[in-house]
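J.: This is the structure, below, for whatever I ask next.
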Amino acid sequence: MVDRLLTEKEAAKLTGLSVYWFQRKRWEGGGPPFVKFDRAVRYREADLVAYIDARAGNRSTSDAQAKAPSASADHGAGAQSR
């Protein structure tokens, strides 16, 4: 069975986020997965639900930051001691 494909507007309505948010996240990265057909952008309904579920349970903004990969975590990973 094929997942229902939603337009930006439908995805925004489903999630309560703005169309601009989806556009910005496509450009920045870090948003839900999307599919492109030429210039048409679509979101799988199941991907949006999974994206929301992955962020459920945050009780503060620090909870969300703790789940995000840290830029400092890889700091010096390639360095060798002499």
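Going through the structure tokens in order, the chains are called A, B, and so on, while each chain numbers its residues from 1 and the ligands are numbered from 1 in the order shown.
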Can you list, as a list in words, all residues belonging to region 11-57 of chain A that DSSP tags as alpha helix (DSSP H)?

T.: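 Written out, the alpha helix (DSSP H) residues of region 11-57 of chain A are Ala11, Ala12, Lys13, Leu14, Thr15, Val19, Tyr20, Trp21, Phe22, Gln23, Arg24, Lys25, Arg26, Trp27, Glu28, Glu45, Ala46, Asp47, Leu48, Val49, Ala50, Tyr51, Ile52, Asp53, Ala54 and Arg55 of chain A.
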
J.: Determine, counting only C-alpha atoms, which protein, DNA and RNA residues have an atom within 12 Å of an atom of Val19 (chain A); residues of the same chain fewer than 5 positions away are not included. Present the result as a compact mmCIF listing (two decimals) with N, CA and C atoms, in the first residue's frame.

T.:
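Everything below was put into part-v6.txt:
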# COMPACT_ATOMS: atom_id res chain seq x y z
N THR A 7 0.64 17.70 0.18
CA THR A 7 1.28 18.94 -0.26
C THR A 7 1.84 19.65 0.97
N GLU A 8 2.61 20.71 0.74
CA GLU A 8 3.12 21.53 1.86
C GLU A 8 1.96 22.04 2.71
N LYS A 9 0.94 22.50 2.04
CA LYS A 9 -0.21 23.07 2.74
C LYS A 9 -0.90 22.02 3.61
N GLU A 10 -1.08 20.83 3.06
CA GLU A 10 -1.70 19.74 3.83
C GLU A 10 -0.81 19.30 4.99
N ALA A 11 0.50 19.25 4.74
CA ALA A 11 1.45 18.88 5.81
C ALA A 11 1.42 19.92 6.93
N ALA A 12 1.35 21.18 6.55
CA ALA A 12 1.29 22.26 7.53
C ALA A 12 0.01 22.14 8.37
N LYS A 13 -1.08 21.85 7.71
CA LYS A 13 -2.36 21.72 8.44
C LYS A 13 -2.33 20.52 9.39
N LEU A 14 -1.75 19.41 8.94
CA LEU A 14 -1.67 18.21 9.76
C LEU A 14 -0.82 18.43 11.01
N ARG A 24 11.62 26.28 4.87
CA ARG A 24 12.90 26.60 5.52
C ARG A 24 13.64 25.32 5.91
N LYS A 25 12.93 24.33 6.45
CA LYS A 25 13.57 23.08 6.85
C LYS A 25 14.09 22.30 5.65
N ARG A 26 13.44 22.39 4.51
CA ARG A 26 13.98 21.74 3.30
C ARG A 26 15.30 22.38 2.92
N VAL A 41 6.67 19.30 -4.43
CA VAL A 41 7.18 18.72 -3.18
C VAL A 41 6.03 18.04 -2.46

J.: Point out the residue among A:Val35, A:Ala40, A:Ala46, A:Leu17 with the least atom-to-atom distance to Val2 (chain A), counting only C-alpha atoms.

T.: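 Looking only at the distances to Val2 (chain A), the closest residue turns out to be A:Ala46.
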
J.: Rank A:Arg4, A:Pro32, A:Ser18, A:Trp27 by their smallest atom-to-atom distance to Arg55 (chain A), using only C-alpha atoms, and report the top residue only.

T.: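 Going through A:Arg4, A:Pro32, A:Ser18, A:Trp27 one by one, the smallest distance to Arg55 (chain A) is for A:Pro32.
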
J.: I'd like the interatomic distance between CA of Tyr43 (chain A) and CA of Ser60 (chain A), to a tenth of an Å.

T.: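 So the answer is 27.3 Å.
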